[in-house]
>>> print(open('model36.pdb').read())   # PDB, C-alpha atoms
ATOM      1  CA  MET A   1     -14.342  22.188  -2.121
ATOM      2  CA  THR A   2     -11.676  24.255  -3.810
ATOM      3  CA  GLY A   3     -11.666  24.674  -7.545
ATOM      4  CA  LYS A   4      -7.921  24.236  -7.746
ATOM      5  CA  THR A   5      -6.404  21.881 -10.279
ATOM      6  CA  ILE A   6      -2.947  20.389  -9.924
ATOM      7  CA  THR A   7      -0.989  19.895 -13.138
ATOM      8  CA  ARG A   8       2.329  18.474 -14.289
ATOM      9  CA  ALA A   9       3.880  21.867 -13.541
ATOM     10  CA  ASP A  10       2.881  21.579  -9.867
ATOM     11  CA  LEU A  11       4.287  18.067  -9.651
ATOM     12  CA  SER A  12       7.550  19.256 -11.234
ATOM     13  CA  GLU A  13       7.723  22.097  -8.736
ATOM     14  CA  SER A  14       7.321  19.660  -5.825
ATOM     15  CA  VAL A  15      10.018  17.400  -7.228
ATOM     16  CA  TYR A  16      12.216  20.471  -7.664
ATOM     17  CA  GLN A  17      11.670  21.488  -4.026
ATOM     18  CA  GLU A  18      12.179  17.981  -2.713
ATOM     19  CA  VAL A  19      15.271  16.901  -4.666
ATOM     20  CA  GLY A  20      18.127  19.219  -5.573
ATOM     21  CA  LEU A  21      17.679  19.053  -9.354
ATOM     22  CA  SER A  22      17.087  21.846 -11.852
ATOM     23  CA  ARG A  23      13.517  22.826 -12.695
ATOM     24  CA  ASN A  24      14.032  21.514 -16.188
ATOM     25  CA  GLU A  25      15.261  18.153 -15.083
ATOM     26  CA  SER A  26      12.488  17.889 -12.490
ATOM     27  CA  ALA A  27       9.910  18.467 -15.220
ATOM     28  CA  GLU A  28      11.529  15.854 -17.445
ATOM     29  CA  LEU A  29      11.519  13.322 -14.627
ATOM     30  CA  VAL A  30       7.816  13.818 -13.989
ATOM     31  CA  ASP A  31       7.223  13.198 -17.699
ATOM     32  CA  THR A  32       9.462  10.128 -17.670
ATOM     33  CA  VAL A  33       7.620   8.623 -14.703
ATOM     34  CA  LEU A  34       4.225   9.098 -16.371
ATOM     35  CA  GLU A  35       5.611   7.817 -19.668
ATOM     36  CA  GLU A  36       7.022   4.653 -18.084
ATOM     37  CA  ILE A  37       3.715   3.929 -16.387
ATOM     38  CA  SER A  38       1.883   4.478 -19.692
ATOM     39  CA  ALA A  39       4.338   2.261 -21.557
ATOM     40  CA  ALA A  40       3.880  -0.590 -19.078
ATOM     41  CA  LEU A  41       0.088  -0.292 -19.338
ATOM     42  CA  THR A  42       0.290  -0.221 -23.132
ATOM     43  CA  ARG A  43       2.250  -3.494 -22.986
ATOM     44  CA  GLY A  44      -0.718  -4.846 -21.032
ATOM     45  CA  GLU A  45       1.034  -4.876 -17.656
ATOM     46  CA  SER A  46      -0.701  -3.645 -14.551
ATOM     47  CA  VAL A  47       1.065  -1.037 -12.461
ATOM     48  CA  LYS A  48       0.883  -1.302  -8.679
ATOM     49  CA  ILE A  49       1.961   1.625  -6.583
ATOM     50  CA  SER A  50       1.952   0.655  -2.924
ATOM     51  CA  SER A  51      -0.075   2.892  -0.615
ATOM     52  CA  PHE A  52      -1.482   4.667  -3.675
ATOM     53  CA  GLY A  53      -3.314   2.244  -5.941
ATOM     54  CA  SER A  54      -3.184  -0.007  -8.985
ATOM     55  CA  PHE A  55      -3.732   0.703 -12.631
ATOM     56  CA  LEU A  56      -5.183  -2.342 -14.363
ATOM     57  CA  VAL A  57      -5.824  -2.975 -18.036
ATOM     58  CA  ARG A  58      -9.131  -4.692 -18.726
ATOM     59  CA  MET A  59     -10.385  -6.143 -21.956
ATOM     60  CA  LYS A  60     -13.920  -5.169 -22.926
ATOM     61  CA  GLY A  61     -15.837  -7.343 -25.340
ATOM     62  CA  GLU A  62     -17.790  -6.130 -28.320
ATOM     63  CA  ARG A  63     -21.259  -4.785 -27.619
ATOM     64  CA  ILE A  64     -23.955  -2.944 -29.453
ATOM     65  CA  GLY A  65     -24.124   0.706 -28.586
ATOM     66  CA  ARG A  66     -26.520   3.348 -29.670
ATOM     67  CA  ASN A  67     -25.960   6.857 -30.877
ATOM     68  CA  PRO A  68     -27.919   8.766 -28.251
ATOM     69  CA  LYS A  69     -28.690  11.534 -30.699
ATOM     70  CA  THR A  70     -29.952   9.522 -33.638
ATOM     71  CA  GLY A  71     -30.919   6.281 -31.912
ATOM     72  CA  GLU A  72     -28.859   4.465 -34.498
ATOM     73  CA  GLU A  73     -27.248   1.181 -33.425
ATOM     74  CA  VAL A  74     -23.489   1.035 -33.728
ATOM     75  CA  PRO A  75     -21.201  -1.831 -32.816
ATOM     76  CA  ILE A  76     -18.624  -0.939 -30.173
ATOM     77  CA  LYS A  77     -15.477  -2.885 -30.965
ATOM     78  CA  PRO A  78     -13.630  -4.898 -28.330
ATOM     79  CA  ARG A  79     -11.200  -2.587 -26.597
ATOM     80  CA  ARG A  80      -8.793  -2.253 -23.730
ATOM     81  CA  VAL A  81      -9.674   0.088 -20.908
ATOM     82  CA  LEU A  82      -7.727   1.293 -17.936
ATOM     83  CA  VAL A  83      -9.136   1.076 -14.442
ATOM     84  CA  PHE A  84      -7.664   2.604 -11.338
ATOM     85  CA  ARG A  85      -8.231   0.963  -7.977
ATOM     86  CA  ALA A  86      -7.299   3.204  -5.093
ATOM     87  CA  SER A  87      -5.481   1.519  -2.216
ATOM     88  CA  HIS A  88      -6.913   1.577   1.290
ATOM     89  CA  VAL A  89      -4.239   4.012   2.343
ATOM     90  CA  LEU A  90      -5.316   6.471  -0.356
ATOM     91  CA  LYS A  91      -9.018   6.011   0.416
ATOM     92  CA  ASP A  92      -8.389   6.643   4.097
ATOM     93  CA  ARG A  93      -6.284   9.719   3.489
ATOM     94  CA  VAL A  94      -8.836  11.172   1.098
ATOM     95  CA  ASN A  95     -11.571  10.625   3.683
ATOM     96  CA  LYS A  96      -9.615  12.235   6.475
ATOM     97  CA  GLY A  97      -9.583  15.303   4.277
ATOM     98  CA  ILE A  98      -7.385  18.262   4.892
ATOM     99  CA  ALA A  99      -5.156  16.740   7.526
ATOM    100  CA  SER A 100      -2.039  18.772   6.848
TER
ATOM    101  CA  MET B   1       5.127  -3.258 -12.668
ATOM    102  CA  THR B   2       5.416  -2.272  -9.039
ATOM    103  CA  LYS B   3       6.557   0.973  -7.505
ATOM    104  CA  SER B   4      10.031  -0.430  -6.840
ATOM    105  CA  GLU B   5      10.312  -1.678 -10.439
ATOM    106  CA  LEU B   6       9.274   1.752 -11.635
ATOM    107  CA  ILE B   7      11.977   3.308  -9.462
ATOM    108  CA  LEU B   8      14.579   0.891 -10.885
ATOM    109  CA  ARG B   9      13.493   1.706 -14.415
ATOM    110  CA  ILE B  10      13.707   5.470 -13.853
ATOM    111  CA  GLY B  11      17.138   4.871 -12.321
ATOM    112  CA  GLU B  12      18.278   2.966 -15.426
ATOM    113  CA  LEU B  13      17.154   5.844 -17.612
ATOM    114  CA  ASN B  14      18.930   8.347 -15.358
ATOM    115  CA  PRO B  15      22.205   6.727 -14.364
ATOM    116  CA  HIS B  16      23.557  10.034 -13.036
ATOM    117  CA  LEU B  17      20.979  10.111 -10.222
ATOM    118  CA  TYR B  18      21.329   8.453  -6.843
ATOM    119  CA  HIS B  19      18.884   5.641  -6.208
ATOM    120  CA  ARG B  20      17.761   7.505  -3.088
ATOM    121  CA  ASP B  21      16.851  10.561  -5.177
ATOM    122  CA  VAL B  22      14.942   8.528  -7.752
ATOM    123  CA  GLU B  23      12.977   7.040  -4.885
ATOM    124  CA  ARG B  24      12.190  10.509  -3.570
ATOM    125  CA  ILE B  25      11.112  11.706  -7.005
ATOM    126  CA  VAL B  26       8.651   8.860  -7.510
ATOM    127  CA  THR B  27       7.381   9.074  -3.932
ATOM    128  CA  THR B  28       6.936  12.845  -4.186
ATOM    129  CA  ILE B  29       4.796  12.530  -7.303
ATOM    130  CA  PHE B  30       2.326  10.128  -5.687
ATOM    131  CA  GLU B  31       2.443  12.007  -2.393
ATOM    132  CA  GLU B  32       1.506  15.263  -4.135
ATOM    133  CA  ILE B  33      -1.398  13.619  -5.917
ATOM    134  CA  THR B  34      -2.574  12.121  -2.619
ATOM    135  CA  GLN B  35      -2.367  15.465  -0.804
ATOM    136  CA  ALA B  36      -4.271  17.222  -3.564
ATOM    137  CA  LEU B  37      -7.037  14.613  -3.427
ATOM    138  CA  ALA B  38      -7.166  14.895   0.366
ATOM    139  CA  LYS B  39      -7.866  18.610  -0.184
ATOM    140  CA  ARG B  40     -10.560  17.577  -2.695
ATOM    141  CA  GLU B  41      -8.526  19.079  -5.491
ATOM    142  CA  ARG B  42      -8.298  17.722  -8.993
ATOM    143  CA  VAL B  43      -5.057  16.521 -10.573
ATOM    144  CA  GLU B  44      -4.953  16.785 -14.330
ATOM    145  CA  LEU B  45      -2.057  15.184 -16.154
ATOM    146  CA  ARG B  46      -2.476  15.798 -19.868
ATOM    147  CA  GLY B  47      -2.030  12.730 -21.992
ATOM    148  CA  PHE B  48      -2.195  10.479 -18.942
ATOM    149  CA  GLY B  49      -5.409  11.136 -17.089
ATOM    150  CA  ALA B  50      -7.092  13.030 -14.284
ATOM    151  CA  PHE B  51      -7.529  12.181 -10.615
ATOM    152  CA  SER B  52     -10.430  13.614  -8.677
ATOM    153  CA  VAL B  53     -12.680  12.698  -5.783
ATOM    154  CA  LYS B  54     -16.338  11.805  -5.865
ATOM    155  CA  PHE B  55     -18.780  12.204  -3.031
ATOM    156  CA  ARG B  56     -20.938   9.309  -1.963
ATOM    157  CA  GLU B  57     -24.080   9.879   0.068
ATOM    158  CA  ALA B  58     -24.683   8.005   3.286
ATOM    159  CA  ARG B  59     -26.743   4.897   2.603
ATOM    160  CA  ARG B  60     -28.097   1.754   4.131
ATOM    161  CA  GLY B  61     -25.856  -1.088   3.174
ATOM    162  CA  ARG B  62     -26.199  -4.765   3.780
ATOM    163  CA  ASN B  63     -23.673  -7.271   4.962
ATOM    164  CA  PRO B  64     -23.793  -9.718   2.064
ATOM    165  CA  ARG B  65     -22.921 -12.634   4.317
ATOM    166  CA  THR B  66     -25.411 -12.111   7.109
ATOM    167  CA  GLY B  67     -28.001  -9.981   5.331
ATOM    168  CA  GLU B  68     -27.782  -7.568   8.242
ATOM    169  CA  THR B  69     -28.472  -3.886   7.502
ATOM    170  CA  VAL B  70     -25.607  -1.527   8.258
ATOM    171  CA  ALA B  71     -25.339   2.240   7.990
ATOM    172  CA  VAL B  72     -22.702   3.351   5.502
ATOM    173  CA  GLU B  73     -21.547   6.869   6.224
ATOM    174  CA  GLN B  74     -21.156   9.584   3.660
ATOM    175  CA  LYS B  75     -17.710   9.330   2.125
ATOM    176  CA  VAL B  76     -15.310  10.533  -0.522
ATOM    177  CA  VAL B  77     -13.760   8.152  -3.029
ATOM    178  CA  PRO B  78     -10.750   8.701  -5.305
ATOM    179  CA  PHE B  79     -11.517   8.537  -9.001
ATOM    180  CA  PHE B  80      -9.334   8.337 -12.104
ATOM    181  CA  LYS B  81     -10.325   9.081 -15.660
ATOM    182  CA  THR B  82      -7.940   7.917 -18.356
ATOM    183  CA  GLY B  83      -6.688  10.625 -20.686
ATOM    184  CA  LYS B  84      -7.459  10.482 -24.368
ATOM    185  CA  GLU B  85      -3.900   9.887 -25.500
ATOM    186  CA  LEU B  86      -3.366   6.966 -23.132
ATOM    187  CA  ARG B  87      -6.768   5.494 -24.010
ATOM    188  CA  ASP B  88      -5.821   5.617 -27.678
ATOM    189  CA  ARG B  89      -2.421   4.103 -27.011
ATOM    190  CA  LEU B  90      -3.998   1.203 -25.130
ATOM    191  CA  ASN B  91      -5.932   0.463 -28.279
ATOM    192  CA  GLY B  92      -2.998   0.760 -30.611
ATOM    193  CA  ARG B  93      -4.156   3.948 -32.241
ATOM    194  CA  ILE B  94      -0.913   5.653 -31.362
ATOM    195  CA  GLU B  95       2.426   3.926 -31.567
ATOM    196  CA  THR B  96       4.088   3.510 -28.218
ATOM    197  CA  GLU B  97       6.788   6.122 -28.055
ATOM    198  CA  PRO B  98      10.127   4.464 -27.789
ATOM    199  CA  ALA B  99      11.259   4.844 -24.199
ATOM    200  CA  LYS B 100      13.365   7.947 -23.863
ATOM    201  CA  THR B 101      16.988   7.155 -24.444
ATOM    202  CA  PRO B 102      19.031   9.543 -22.365
ATOM    203  CA  SER B 103      22.793   9.309 -22.014
ATOM    204  CA  SER B 104      23.115   5.586 -21.400
ATOM    205  CA  ALA B 105      20.127   3.371 -20.891
ATOM    206  CA  GLY B 106      22.462   0.606 -22.064
ATOM    207  CA  GLY B 107      20.957  -2.842 -21.987
ATOM    208  CA  ALA B 108      17.760  -1.620 -20.425
ATOM    209  CA  GLY B 109      15.664  -3.053 -23.236
ATOM    210  CA  LYS B 110      13.063  -5.128 -21.501
ATOM    211  CA  GLU B 111      10.516  -6.532 -23.880
ATOM    212  CA  PRO B 112       7.389  -8.216 -22.572
TER
END
>>> encode(input="model36.pdb", output="structure tokens")
Amino acid sequence: MTGKTITRADLSESVYQEVGLSRNESAELVDTVLEEISAALTRGESVKISSFGSFLVRMKGERIGRNPKTGEEVPIKPRRVLVFRASHVLKDRVNKGIAS
Amino acid sequence: MTKSELILRIGELNPHLYHRDVERIVTTIFEEITQALAKRERVELRGFGAFSVKFREARRGRNPRTGETVAVEQKVVPFFKTGKELRDRLNGRIETEPAKTPSSAGGAGKEP
């Protein structure tokens, strides 16, 4: 297992290499793509990316939580959470490991 | 929203780009994330979230229909943790940024 972490900068670099745009524009496009996905999710839409996975917004009801430090009971308000379900293609590719 | 709708939307926001290039941009992003995960690397996208893989030990599973015991091999599963900013936005703690309005997104306003 490598300790490497991929960031927006790496994604921009790949877009830059792949499409003949400037580095700046490539970086902006990566941001725009992530922003559009976030905006759709914020509107409550799910986002399905074929052969990658789906991002789904789930509603969680109120429940009583507990402050683990003090033991104090605190209500956890109803909230929306995001779940990611990986597609079979992604699961398979991740399991095949370093194929390339 | 599907991948093709996302591509259309990015195209609307960037009318100077060829559809083919927008497709390549979106595909490249997900392809890079996939390749990183296949190498067991982590992908951290500030404000959005982080992708990583988790290891699952081999275990004895059970076919829920027949009750039969089956061996489940050790495996790796993709995992996503939502970033703080997006989590807050989902709960209305941060106003949704108005979609970027480059040169001419004319008539792209699509309200839910």
>>> atom_distance(input="model36.pdb", atom1="atom CA of A:Glu13", atom2="atom CA of B:Met1")
25.8 Å
>>> interface_residues(input="model36.pdb", of="chain A", to="chain B", cutoff="9 Å", atoms="only C-alpha atoms", output="number ranges by chain")
A: 1-8, 10-12, 14-16, 18-20, 26, 29-30, 32-50, 52, 54, 57, 79-86, 90-91, 93-100
>>> resolve_selection(input="model36.pdb", expression="the PyMOL selection byres ((chain B and resi 72) around 12)", output="list in words")
Arg56, Glu57, Ala58, Arg59, Arg60, Gly61, Arg62, Asn63, Thr69, Val70, Ala71, Glu73, Gln74, Lys75 and Val76 of chain B
>>> atom_distance(input="model36.pdb", atom1="atom CA of A:Leu56", atom2="atom CA of B:Glu23")
22.5 Å
>>> atom_distance(input="model36.pdb", atom1="atom CA of A:Glu72", atom2="atom CA of B:Lys84")
24.4 Å
>>> resolve_selection(input="model36.pdb", expression="the PyMOL selection byres ((chain A and resi 60) around 9)", output="VMD selection string")
chain A and resid 58 to 59 61 to 63 77 to 81
>>> resolve_selection(input="model36.pdb", expression="the PyMOL selection byres ((chain A and resi 75) around 7)", output="compact mmCIF listing (two decimals) with C-alpha atoms, in the coordinates of the input")
# COMPACT_ATOMS: atom_id res chain seq x y z
CA ARG A 63 -21.26 -4.78 -27.62
CA ILE A 64 -23.96 -2.94 -29.45
CA GLY A 65 -24.12 0.71 -28.59
CA GLU A 73 -27.25 1.18 -33.42
CA VAL A 74 -23.49 1.03 -33.73
CA ILE A 76 -18.62 -0.94 -30.17
CA LYS A 77 -15.48 -2.88 -30.96
